[in-house]
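Participant: Provided herewith is a single structure, encoded as C-alpha cells, for subsequent inquiry.
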Amino acid sequence: MKRSKRFQVLEQRPVNQDGFVEEWPEVGLIAMGSPNDPKPSITVQNGKVVEMDGKKRADFDFIDRFIADYALDVEKAEEVMKIPSVELAKMLVDINIPRSQVVSCFGAMTPAKIVEVVEHLNVVEMMMAVQKMRARKTPSNQCHITNVKDHPALLAADAAEGAWRGFDEEETTVGVTRYAPFNALAILVGSQTGRGGVLTQCAVEEATELTLGMRGLTSYAETVSVYGTEQVFIDGDDTPWSKAFLASAYASRGLKMRFTSGTGSEVLMGYAEGKSMLYLEARCILVTKGAGVQGLQNGSISCIGVPGAVPSGIRAVLAENLITTALDLEVASGNDQTFSHSDIRRTARMLMQLLPGTDFIFSGYSAVPNYDNMFAGSNFDCEDFDDFLVLQRDLKVDGGLRPVKEEDVIRVRNKAAKALQAVFKELGLPPITDEEVEAVTYAHGSKDVPNRNVREDLKAAEEMMQRGITGLEVVKALAKNGFIDVAENLFQLLKQRVSGDYLHTSAIFDKNFKVLSAVNDLNDYQGPGTGYRLEGQRWEEIKKIPRAMKPDDF
C-alpha cells in the first residue's frame with residue numbers, strides 16, 4: 001500500500017513510542033467503571049457494618065473488614081449512602097459548601113460509593129475539587145535526590161541545591177542496598193545546608209528505613225505500601241494491621257509518615273480481581289484512613305505506565321488524588337515516575353496537580369538528571385527547572401519552587417560537600433577528598449564526579465550502623481568543624497521529633513522551623529478571593545526569573 005507521508009511523519013512522533021492498550025476488564029486493565037465493580041451499599045447493625053458494597057460481613061476479605069471496622073463513620077454511613085452520588089459530586093465543586101462538610105460525607109462512604117461519586121466529574125471539575133479539598137492551604141513540592149554511584153558528596157550537594165530551590169521534602173534511595181546509611185546521612189546534611197527545616201527520607205526496605213528514622217538520620221517515611229486486593233497484600237507478607245502497626249512505630253518516635261499506593265499496582269501483580277484500578281485504589285485510601293496515618297503518596301507512582309496506557313487513565317490518577325484529599329489526608333500526588341516519551345503528554349499529566357495545587361505536587365521531582373534517578377526516572381527532572389519556573393510565572397500558580405542564581409547554587413553545593421566531608425572525617429568514615437568536593441560543586445550528575453572505593457564505603461556504612469551513630473553525633477561533628485548554622489538546623493529538626501507538631505496532617509516546616517499543617521494552615525477555599533492566593537513577596541519571587549529583562553536594561 002502506498003503510504004501517506006503525513007502518517008509516516010506522525011509515526012516518528014515521541015508519543016507513538018508510548019504503549020497503549022484497549023480496556024480489558026477481566027484482568028483489571030480498565031481505569032474506571034469496570035462492569036465487575038460492586039454497587040454501593042451498606043447495612044449497619046448495633047454500630048457494626050454487617051454488609052458493604054453488596055457483600056455480607058461473613059464474606060469480607062481482610063481489606064473489607066479493616067475498612068468497615070476502622071475507616072468508616074458508621075453513625076452517618078447509612079444516611080450519607082442514601083444521598084444520590086451526583087449530588088455528592090456537586091458538593092465537591094460547589095464553592096458554597098465548605099470543605100469540612102464534604103469531608104464529613106466522604107468519611108461515611110464505602111469504596112464503591114466514593115468511586116461512583118467521582119465518576120460524575122470531568123478533569124476540570126476534579127481540579128476545581130482538589131483546589132477546595134486539599135488539606136493544607138499552602139501547596140508544596142518534594143524531590144528525588146539519588147545518583148547511580150551512590151556518591152555521598154554528590155548527594156549532599158544535590159540535596160543542598162534542592163533545598164535552596166524550594167523543595168520542602170527530599171527523598172533518596174540506593175543503587176546498592178548497603179549504601180543506605182551513607183545516602184541518608186548525605187541528604188540529611190545537604191538539605192540542612194541548603195535551608196533549615198527540609199524533611200528527608202531514605203526509601204529502602206522497611207526495617208532499615210525505620211532504623212534510620214529512629215536514629216535521627218531521616219525525618220519522614222512514605223514508602224510503606226498498601227494494596228487494594230488481599231492477595232497482593234499477602235504477597236508482600238503484609239496485612240492492613242501490620243501496616244498500621246508499622247505506622248504507629250514511626251509515630252511513636254516522632255517521625256512523620258504516610259502510606260504509598262496507586263492505580264495499577266494490583267494489575268501489575270496479577271491480582272486485580274477484574275475490578276477497575278480506581279475502585280481498588282479507593283480501598284487503599286480507606287485503609288490509609290483507617291490506619292490513622294496523616295497522608296498518602298498516590299497518583300499511580302511507579303505503576304503510572306499502566307493507567308497511562310488505558311482510556312481515561314490519567315483522569316483516574318487525578319481522581320485518586322482527589323479522593324485522598326476528600327478523606328482529609330495529605331496527598332503527595334505522584335508525577336514522580338516518567339511514563340511518556342512525549343513532552344506534551346508528561347506536562348499535561350503534571351498540570352492536573354500543578355494548577356489546583358496539592359500538598360506535594362510531585363512526590364518526587366527529580367532534582368538530578370534522570371540518568372541518575374534511581375526511582376526509574378521522574379516525570380520532570382533538573383533539566384526542566386527553568387521550564388517549571390516559567391510555567392509558575394506564566395500561569396501565576398505556586399509549584400513550590402523559586403528562581404535561583406548560579407553563584408548561590410555553587411556556594412550552597414560547595415558548603416554542603418565540605419560539611420559532609422567534615423562529618424565523614426569526624427566519624428571516622430572513608431574520606432571525601434578535596435577533588436570530590438570540587439567536582440560535586442560544579443557537577444550536573446554522576447558522570448562528572450570521580451568514583452568512590454565502593455568496597456571500603458560499604459564496609460564503613462555497616463560499621464556506622466553497628467556503632468549506633470545517631471543524628472546527635474552528626475550535629476556534634478558539624479559544630480566541632482565550624483558548620484554552626486548547619487548543626488543548628490539539624491538540631492532544631494531533631495527537637496521537632498520531641499514536640500511532634502509535624503505529625504499533624506500535611507505538616508511541613510518553613511525556613512524558621514514553623515510548622516505549616518492542616519491545623520494552622522487549613523485550606524479555606526470557597527471560591528474567588530478565598531483560599532491560597534499567590535501574591536505579595538512570594539509572587540514577586542516567582543516573577544523574577546533570572547532571564548527576564550528589567551526596565552533599566554533598556
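The chains in the C-alpha cells are called A, B, ... from first to last as shown; in each chain the residues are counted from 1, and the ligands are counted from 1 in the order shown.
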Excluding region 489-494 of chain A and any residue of its chain fewer than 3 positions from it, enumerate the residues within 10 Å of it, using only C-alpha atoms, and give them as a tab-separated table (two decimals) with all heavy atoms, in the first residue's frame.
Facilitator:
```tsv
chain	number	residue	atom	x	y	z
A	188	LEU	N	20.70	14.29	54.52
A	188	LEU	CA	20.37	14.99	55.77
A	188	LEU	C	21.25	16.22	55.94
A	188	LEU	O	20.76	17.33	56.18
A	188	LEU	CB	20.56	14.04	56.95
A	188	LEU	CG	20.28	14.62	58.34
A	188	LEU	CD1	18.81	14.95	58.51
A	188	LEU	CD2	20.75	13.65	59.43
A	189	VAL	N	22.55	16.04	55.79
A	189	VAL	CA	23.49	17.17	55.93
A	189	VAL	C	23.28	18.18	54.80
A	189	VAL	O	23.23	19.38	55.03
A	189	VAL	CB	24.94	16.66	55.93
A	189	VAL	CG1	25.94	17.82	55.87
A	189	VAL	CG2	25.20	15.82	57.19
A	191	SER	N	20.61	18.78	52.91
A	191	SER	CA	19.34	19.51	52.97
A	191	SER	C	19.39	20.63	53.99
A	191	SER	O	18.91	21.74	53.73
A	191	SER	CB	18.20	18.54	53.31
A	191	SER	OG	18.37	17.99	54.61
A	192	GLN	N	19.99	20.38	55.14
A	192	GLN	CA	20.03	21.40	56.19
A	192	GLN	C	21.07	22.48	55.90
A	192	GLN	O	21.06	23.54	56.54
A	192	GLN	CB	20.28	20.75	57.55
A	192	GLN	CG	19.24	19.72	57.95
A	192	GLN	CD	17.81	20.20	57.78
A	192	GLN	OE1	17.42	21.24	58.32
A	192	GLN	NE2	17.02	19.46	57.01
A	193	THR	N	21.94	22.22	54.93
A	193	THR	CA	22.85	23.26	54.45
A	193	THR	C	22.11	24.21	53.52
A	193	THR	O	22.29	25.42	53.57
A	193	THR	CB	24.04	22.63	53.71
A	193	THR	OG1	24.69	21.68	54.57
A	193	THR	CG2	25.05	23.70	53.30
A	195	ARG	N	18.80	24.78	53.35
A	195	ARG	CA	17.76	25.53	54.06
A	195	ARG	C	17.28	24.70	55.23
A	195	ARG	O	16.96	23.53	55.09
A	195	ARG	CB	16.58	25.82	53.12
A	195	ARG	CG	15.40	26.51	53.79
A	195	ARG	CD	14.35	26.93	52.76
A	195	ARG	NE	13.82	25.82	51.99
A	195	ARG	CZ	12.80	25.05	52.40
A	195	ARG	NH1	12.23	25.26	53.57
A	195	ARG	NH2	12.36	24.08	51.63
A	196	GLY	N	17.21	25.29	56.38
A	196	GLY	CA	16.73	24.57	57.55
A	196	GLY	C	15.28	24.15	57.42
A	196	GLY	O	14.46	24.85	56.83
A	197	GLY	N	14.96	22.97	57.97
A	197	GLY	CA	13.58	22.53	58.04
A	197	GLY	C	13.13	21.61	56.93
A	197	GLY	O	11.97	21.17	56.93
A	198	VAL	N	13.99	21.31	55.97
A	198	VAL	CA	13.62	20.38	54.91
A	198	VAL	C	13.60	18.96	55.49
A	198	VAL	O	14.53	18.55	56.18
A	198	VAL	CB	14.62	20.47	53.73
A	198	VAL	CG1	14.31	19.41	52.68
A	198	VAL	CG2	14.58	21.85	53.12
A	199	LEU	N	12.54	18.22	55.20
A	199	LEU	CA	12.40	16.85	55.69
A	199	LEU	C	13.01	15.89	54.68
A	199	LEU	O	12.90	16.09	53.47
A	199	LEU	CB	10.92	16.51	55.90
A	199	LEU	CG	10.15	17.41	56.87
A	199	LEU	CD1	8.68	17.02	56.93
A	199	LEU	CD2	10.77	17.36	58.26
A	215	ARG	N	17.08	6.61	64.49
A	215	ARG	CA	18.38	7.16	64.85
A	215	ARG	C	18.55	8.62	64.44
A	215	ARG	O	19.63	9.19	64.60
A	215	ARG	CB	19.50	6.32	64.21
A	215	ARG	CG	19.57	4.92	64.80
A	215	ARG	CD	20.80	4.18	64.34
A	215	ARG	NE	20.84	2.83	64.89
A	215	ARG	CZ	21.81	1.95	64.66
A	215	ARG	NH1	22.82	2.29	63.86
A	215	ARG	NH2	21.78	0.75	65.19
A	216	GLY	N	17.49	9.20	63.90
A	216	GLY	CA	17.56	10.62	63.55
A	216	GLY	C	18.28	10.91	62.26
A	216	GLY	O	18.64	12.07	62.01
A	217	LEU	N	18.48	9.90	61.43
A	217	LEU	CA	19.16	10.11	60.15
A	217	LEU	C	18.17	10.42	59.03
A	217	LEU	O	18.57	10.81	57.94
A	217	LEU	CB	20.01	8.89	59.79
A	217	LEU	CG	21.14	8.58	60.80
A	217	LEU	CD1	21.85	7.29	60.43
A	217	LEU	CD2	22.14	9.73	60.87
A	218	THR	N	16.89	10.21	59.29
A	218	THR	CA	15.82	10.65	58.40
A	218	THR	C	14.73	11.28	59.25
A	218	THR	O	14.70	11.09	60.47
A	218	THR	CB	15.23	9.47	57.58
A	218	THR	OG1	14.69	8.50	58.49
A	218	THR	CG2	16.27	8.83	56.70
A	219	SER	N	13.82	12.00	58.61
A	219	SER	CA	12.78	12.70	59.38
A	219	SER	C	11.36	12.39	58.92
A	219	SER	O	10.40	12.88	59.51
A	219	SER	CB	13.02	14.21	59.32
A	219	SER	OG	13.27	14.66	58.01
A	254	GLY	N	8.12	10.11	66.85
A	254	GLY	CA	8.03	11.47	66.34
A	254	GLY	C	8.34	11.62	64.87
A	254	GLY	O	8.70	12.71	64.42
A	255	LEU	N	8.20	10.54	64.10
A	255	LEU	CA	8.52	10.59	62.67
A	255	LEU	C	7.26	10.74	61.84
A	255	LEU	O	6.31	9.96	61.98
A	255	LEU	CB	9.23	9.30	62.24
A	255	LEU	CG	10.73	9.23	62.46
A	255	LEU	CD1	11.18	7.78	62.51
A	255	LEU	CD2	11.46	9.95	61.34
A	471	GLY	N	21.68	11.04	64.80
A	471	GLY	CA	21.70	12.41	64.32
A	471	GLY	C	22.43	13.35	65.26
A	471	GLY	O	23.01	14.35	64.82
A	472	LEU	N	22.44	13.03	66.55
A	472	LEU	CA	23.12	13.90	67.51
A	472	LEU	C	24.63	13.91	67.29
A	472	LEU	O	25.28	14.96	67.42
A	472	LEU	CB	22.80	13.46	68.93
A	472	LEU	CG	23.09	14.47	70.04
A	472	LEU	CD1	22.40	15.79	69.79
A	472	LEU	CD2	22.69	13.90	71.40
A	474	VAL	N	26.01	13.58	64.46
A	474	VAL	CA	26.19	14.40	63.26
A	474	VAL	C	26.16	15.88	63.63
A	474	VAL	O	26.97	16.68	63.14
A	474	VAL	CB	25.11	14.08	62.21
A	474	VAL	CG1	25.34	14.91	60.94
A	474	VAL	CG2	25.11	12.59	61.86
A	475	VAL	N	25.25	16.27	64.50
A	475	VAL	CA	25.20	17.66	64.98
A	475	VAL	C	26.54	18.04	65.61
A	475	VAL	O	27.10	19.12	65.32
A	475	VAL	CB	24.06	17.84	66.00
A	475	VAL	CG1	24.14	19.22	66.66
A	475	VAL	CG2	22.70	17.66	65.34
A	476	LYS	N	27.06	17.19	66.48
A	476	LYS	CA	28.33	17.48	67.16
A	476	LYS	C	29.48	17.61	66.16
A	476	LYS	O	30.33	18.50	66.29
A	476	LYS	CB	28.64	16.38	68.17
A	476	LYS	CG	27.69	16.32	69.35
A	476	LYS	CD	28.01	15.13	70.25
A	476	LYS	CE	27.06	15.03	71.43
A	476	LYS	NZ	27.34	13.83	72.27
A	478	LEU	N	29.34	18.48	63.01
A	478	LEU	CA	29.20	19.73	62.25
A	478	LEU	C	29.63	20.92	63.08
A	478	LEU	O	30.38	21.79	62.61
A	478	LEU	CB	27.74	19.90	61.80
A	478	LEU	CG	27.24	18.96	60.69
A	478	LEU	CD1	25.73	18.97	60.63
A	478	LEU	CD2	27.85	19.37	59.35
A	484	ILE	N	28.33	25.76	62.13
A	484	ILE	CA	27.42	26.02	63.24
A	484	ILE	C	25.97	26.13	62.76
A	484	ILE	O	25.05	25.58	63.38
A	484	ILE	CB	27.82	27.30	63.99
A	484	ILE	CG1	29.28	27.19	64.48
A	484	ILE	CG2	26.88	27.55	65.17
A	484	ILE	CD1	29.54	26.04	65.42
A	485	ASP	N	25.76	26.83	61.65
A	485	ASP	CA	24.38	27.03	61.18
A	485	ASP	C	23.75	25.72	60.73
A	485	ASP	O	22.56	25.46	60.98
A	485	ASP	CB	24.34	28.07	60.06
A	485	ASP	CG	25.24	27.72	58.88
A	485	ASP	OD1	26.19	26.93	59.06
A	485	ASP	OD2	24.99	28.24	57.77
A	486	VAL	N	24.54	24.86	60.07
A	486	VAL	CA	24.01	23.57	59.63
A	486	VAL	C	23.72	22.69	60.85
A	486	VAL	O	22.68	22.02	60.92
A	486	VAL	CB	25.00	22.86	58.69
A	486	VAL	CG1	24.40	21.55	58.16
A	486	VAL	CG2	25.39	23.77	57.52
A	497	ARG	N	11.13	16.31	66.69
A	497	ARG	CA	10.69	14.93	66.92
A	497	ARG	C	10.07	14.78	68.31
A	497	ARG	O	9.23	13.92	68.54
A	497	ARG	CB	11.89	13.97	66.79
A	497	ARG	CG	12.61	14.01	65.46
A	497	ARG	CD	12.00	13.06	64.49
A	497	ARG	NE	12.29	11.71	64.89
A	497	ARG	CZ	13.40	11.05	64.53
A	497	ARG	NH1	14.28	11.63	63.74
A	497	ARG	NH2	13.60	9.83	64.94
A	498	VAL	N	10.52	15.61	69.24
A	498	VAL	CA	10.02	15.54	70.62
A	498	VAL	C	8.66	16.20	70.73
A	498	VAL	O	7.74	15.68	71.37
A	498	VAL	CB	11.03	16.19	71.59
A	498	VAL	CG1	10.50	16.14	73.02
A	498	VAL	CG2	12.38	15.50	71.50
A	499	SER	N	8.51	17.37	70.09
A	499	SER	CA	7.24	18.10	70.18
A	499	SER	C	6.14	17.40	69.40
A	499	SER	O	4.97	17.42	69.79
A	499	SER	CB	7.41	19.53	69.68
A	499	SER	OG	7.64	19.54	68.28
A	509	PHE	N	7.78	22.34	57.29
A	509	PHE	CA	8.39	23.44	58.02
A	509	PHE	C	8.73	24.58	57.06
A	509	PHE	O	9.13	24.33	55.92
A	509	PHE	CB	9.69	23.01	58.71
A	509	PHE	CG	9.51	22.03	59.82
A	509	PHE	CD1	9.96	20.72	59.70
A	509	PHE	CD2	8.90	22.40	61.01
A	509	PHE	CE1	9.81	19.81	60.72
A	509	PHE	CE2	8.74	21.50	62.04
A	509	PHE	CZ	9.20	20.20	61.90
A	511	LYS	N	11.35	28.04	56.67
A	511	LYS	CA	12.78	28.16	56.95
A	511	LYS	C	13.07	28.52	58.39
A	511	LYS	O	14.21	28.38	58.86
A	511	LYS	CB	13.41	29.20	56.01
A	511	LYS	CG	12.86	30.61	56.18
A	511	LYS	CD	13.50	31.57	55.19
A	511	LYS	CE	12.94	32.98	55.34
A	511	LYS	NZ	13.55	33.91	54.35
A	512	ASN	N	12.06	28.97	59.12
A	512	ASN	CA	12.22	29.30	60.54
A	512	ASN	C	11.72	28.19	61.46
A	512	ASN	O	11.53	28.41	62.65
A	512	ASN	CB	11.47	30.60	60.85
A	512	ASN	CG	12.01	31.78	60.07
A	512	ASN	OD1	13.23	31.98	59.99
A	512	ASN	ND2	11.12	32.55	59.47
A	513	PHE	N	11.50	27.02	60.88
A	513	PHE	CA	11.02	25.84	61.60
A	513	PHE	C	9.62	26.03	62.19
A	513	PHE	O	9.25	25.37	63.15
A	513	PHE	CB	12.01	25.42	62.70
A	513	PHE	CG	13.20	24.69	62.17
A	513	PHE	CD1	14.34	25.39	61.80
A	513	PHE	CD2	13.19	23.32	62.00
A	513	PHE	CE1	15.45	24.73	61.29
A	513	PHE	CE2	14.28	22.65	61.49
A	513	PHE	CZ	15.42	23.35	61.14
```
Participant: Tell me, which residues of region 30-203 of chain A carry DSSP helix (DSSP H, G or I), written as JSON, numbers by chain?
Facilitator: {"A": [57, 58, 59, 62, 63, 64, 65, 66, 67, 68, 69, 70, 71, 74, 75, 76, 77, 78, 79, 80, 81, 85, 86, 87, 88, 89, 90, 91, 92, 93, 99, 100, 101, 102, 103, 104, 105, 106, 111, 112, 113, 114, 115, 116, 117, 118, 123, 124, 125, 126, 127, 128, 129, 130, 131, 132, 133, 152, 153, 154, 155, 156, 157, 158, 159, 160, 161, 162, 163, 164, 165, 177, 178, 179, 180, 181, 182, 183, 184, 185, 186, 187, 188, 189, 190, 191, 192, 193, 194]}
Participant: Tell me which of A:Leu522, A:Gly33, A:Lys544, A:Asp150 sits closest to Ser276 (chain A), counting only C-alpha atoms.
Facilitator: A:Gly33
Participant: Neighbours of region 222-233 of chain A within 7 Å (only C-alpha atoms; same-chain residues fewer than 5 positions away dropped), as a count of residues only?
Facilitator: 20
Participant: With only C-alpha atoms as the counted atoms, please give the residues lying no more than 12 Å from Asp372 (chain A), apart from itself and same-chain residues fewer than 4 positions off, as an NGL selection string.
Facilitator: :A and (144-151 or 154-155 or 158 or 172-175 or 366-368 or 376-378 or 381-382 or 444-448)
Participant: Using only C-alpha atoms, determine which residues lie at most 8 Å from Glu161 (chain A), disregarding the query and same-chain residues fewer than 4 positions distant; provide the list as a ChimeraX atom specification.
Facilitator: /A:157,165,191,194,409,412-413
Participant: Grab the CA of Val117 (chain A) to CA of Met91 (chain A) distance for me, in Å with one decimal place.
Facilitator: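 It comes out at 10.1 Å.
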Participant: So, counting only C-alpha atoms, which residue among A:Thr433, A:Gln421, A:Ser342, A:Asn523 is closest to Gln17 (chain A)?
Facilitator: A:Ser342
Participant: Quick one: pull the distance between CA of Gly400 (chain A) and CA of Ile97 (chain A), Å, one decimal.
Facilitator: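 Going from CA of Gly400 (chain A) over to CA of Ile97 (chain A), I get 27.7 Å.
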Participant: Could you tell me how far CA of Asn122 (chain A) lies from CA of Val331 (chain A), in Å and to one decimal?
Facilitator: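 Result for CA of Asn122 (chain A) versus CA of Val331 (chain A): 19.9 Å, one decimal.
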Participant: I need the residues in region 239-292 of chain A that are strand (DSSP E or B) according to DSSP; give them as a list in words.
Facilitator: Lys256, Met257, Arg258, Phe259 and Thr260 of chain A
Participant: Next, write the just-selected residues to a file, as a short mmCIF file (atom, residue, chain, number, x, y, z; two decimals), in the first residue's frame, keeping C-alpha atoms as the atom set.
Facilitator:
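Heads up, here's the output in again_3.cif:
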```cif
data_model
loop_
_atom_site.label_atom_id
_atom_site.label_comp_id
_atom_site.auth_asym_id
_atom_site.auth_seq_id
_atom_site.Cartn_x
_atom_site.Cartn_y
_atom_site.Cartn_z
CA LYS A 256 6.15 11.88 60.04
CA MET A 257 4.97 9.14 57.70
CA ARG A 258 2.43 8.38 55.04
CA PHE A 259 1.49 5.29 53.09
CA THR A 260 2.03 4.71 49.37
#
```
Participant: Do a neighbour search on Ile314 (chain A) at 9 Å with only C-alpha atoms, toss out local chain neighbours closer than 4 positions, and write the hits as a PyMOL selection string.
Facilitator: chain A and resi 31+299+304+307-310+318-319+349+352
Participant: Find the residues near Thr43 (chain A): any atom within 8 Å, counting only C-alpha atoms, skip ones fewer than 5 places away on the same chain, and give them as a ChimeraX atom specification.
Facilitator: /A:49-52,78
Participant: Just checking: using only C-alpha atoms, which residue out of A:Gly166, A:Ser300, A:Arg345, A:Glu87 ends up closest to Asn16 (chain A)?
Facilitator: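 Looking at the shortest contact to Asn16 (chain A), the residue is A:Arg345.
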Participant: Point out the residue among A:Leu329, A:Ile545, A:Ala71, A:Cys105 with the least atom-to-atom distance to Pro403 (chain A), counting only C-alpha atoms.
Facilitator: A:Ile545
Participant: Which is closer to Tyr525 (chain A) than all the others in A:Arg452, A:Lys289, A:Arg134, A:Lys543, using only C-alpha atoms?
Facilitator: A:Arg134
Participant: Which is closest to Leu427 (chain A) among A:Gly399, A:Asn481, A:Phe245, A:Ala439, if we use only C-alpha atoms?
Facilitator: A:Asn481
